[in-house]
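A short worksheet on the structure shown next.
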Amino acid sequence: MSINAGMMTSNTDQWATPQAFFDECDKEFGPFTLDVCAGLDNAKVWRFFDKDMDGLSRKWEGVCWMNPPYGKGIGDWMRKAYDSHKNGAVVVCLVPARTDTAWWHDYAMKGEVRFIRGRLKFGDAKIQHLFHQHS
């Protein structure tokens, strides 16, 4: 499982992954075979789960990309990523660095964590990130 994390304030909890950043992750960990929480407008992999498909209820396998909604439900996504990793999937996660939360300690800290130098730009937002991987 891999995680990228940062701090942000916004009116939305969904952020499209910057393509150049995704491409670098795909080179290192991929090729990715599944985008576990995407939509038609922002999917990074041809096989993806959108909101209507409820990625949390689906089986994650292969090499998975996860840029989840950054709201209160992020812990559920991290738990699913961790459990999927334990069942053989490689999950690379792009998440905010919320080191004071239970999900951070329960799931993020159990894999490889990388902080990204500088900031990623998501639309109008600039976010500091961390990269974490369970493989």
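Just so we're on the same page: first chain in the structure tokens is A, next is B, and so on; residues restart at 1 for each chain, and ligands are numbered from 1 in the order they show up.
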Shell of 7 Å around Gly62 (chain A), only C-alpha atoms, local chain residues under 3 positions omitted, as number ranges by chain: A: 33, 89-90
Distance query Val36 (chain A) at most 8 Å, only C-alpha atoms, self and fewer than 3 positions along chain excluded, as a list in words: Phe48, Phe49, Asp50, Gly55, Trp60, Cys64, Trp65 and Met66 of chain A
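Minimum distance to Phe22 (chain A) across A:Pro68, A:Ala108, A:Ala102, A:Val92 (counting only C-alpha atoms) occurs at A:Val92.
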Point-to-point distance from CA of Asp26 (chain A) to CA of Gly118 (chain A), Å rounded to tenths: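 The value is 19.6 Å.
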Gap from CA of Gly30 (chain A) to CA of Arg114 (chain A) - Å, one decimal: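 Interatomic distance here is 16.9 Å.
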Residue among A:Val45, A:Ala81, A:Val91, A:Cys37 lying closest to Val63 (chain A), counting only C-alpha atoms: A:Val91
For Phe21 (chain A), the nearest of the candidates A:Gly39, A:Lys44, A:Val113, A:Asp106, counting only C-alpha atoms: A:Lys44
Alpha helix (DSSP H) per DSSP on the backbone: members of region 88-124 of chain A, as a PyMOL selection string: chain A and resi 102-106
Distance criterion (only C-alpha atoms): nearest to Asn67 (chain A) out of A:Phe115, A:His105, A:Ala38, A:Glu24: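 When distances to Asn67 (chain A) are compared using only C-alpha atoms, the smallest one comes from A:Ala38.
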Atom pair CA of Lys51 (chain A) / CA of Asp35 (chain A): separation (Å): 11.7 Å
Counting only C-alpha atoms, the residue of A:Cys93, A:Trp103, A:Asn87, A:Trp46 that sits nearest Gly73 (chain A): A:Trp103
Nearest to Gly88 (chain A), chosen from A:Arg47, A:Lys110, A:Lys59, A:Arg117, with only C-alpha atoms counted in the distances: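 Going through A:Arg47, A:Lys110, A:Lys59, A:Arg117 one by one, the smallest distance to Gly88 (chain A) is for A:Lys59.
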Residues near Thr101 (chain A), cut-off 12 Å, only C-alpha atoms, skip fewer than 5 positions along chain, as a ChimeraX atom specification: /A:72,74-75,78,96,106-109
Using N, CA and C atoms, can you write the selected residues to a file as a tab-separated table (two decimals), in the first residue's frame?
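Saved to result_27.tsv:
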chain	number	residue	atom	x	y	z
A	72	LYS	N	-14.11	12.70	5.88
A	72	LYS	CA	-14.17	11.86	7.07
A	72	LYS	C	-14.08	10.37	6.77
A	74	ILE	N	-12.03	8.85	4.87
A	74	ILE	CA	-10.71	8.42	4.41
A	74	ILE	C	-10.18	7.22	5.19
A	75	GLY	N	-10.54	7.12	6.45
A	75	GLY	CA	-10.12	5.97	7.25
A	75	GLY	C	-10.64	4.65	6.70
A	78	MET	N	-8.44	3.78	3.79
A	78	MET	CA	-7.13	3.30	4.24
A	78	MET	C	-7.23	1.89	4.80
A	96	PRO	N	-3.72	12.89	2.33
A	96	PRO	CA	-3.16	13.99	3.12
A	96	PRO	C	-2.41	13.46	4.34
A	106	ASP	N	-3.01	3.51	12.39
A	106	ASP	CA	-3.49	2.14	12.22
A	106	ASP	C	-3.12	1.53	10.88
A	107	TYR	N	-3.02	2.36	9.83
A	107	TYR	CA	-2.81	1.83	8.48
A	107	TYR	C	-1.60	2.43	7.76
A	108	ALA	N	-1.49	3.74	7.72
A	108	ALA	CA	-0.41	4.37	6.95
A	108	ALA	C	0.96	3.99	7.50
A	109	MET	N	1.11	3.99	8.79
A	109	MET	CA	2.41	3.72	9.40
A	109	MET	C	2.83	2.26	9.30
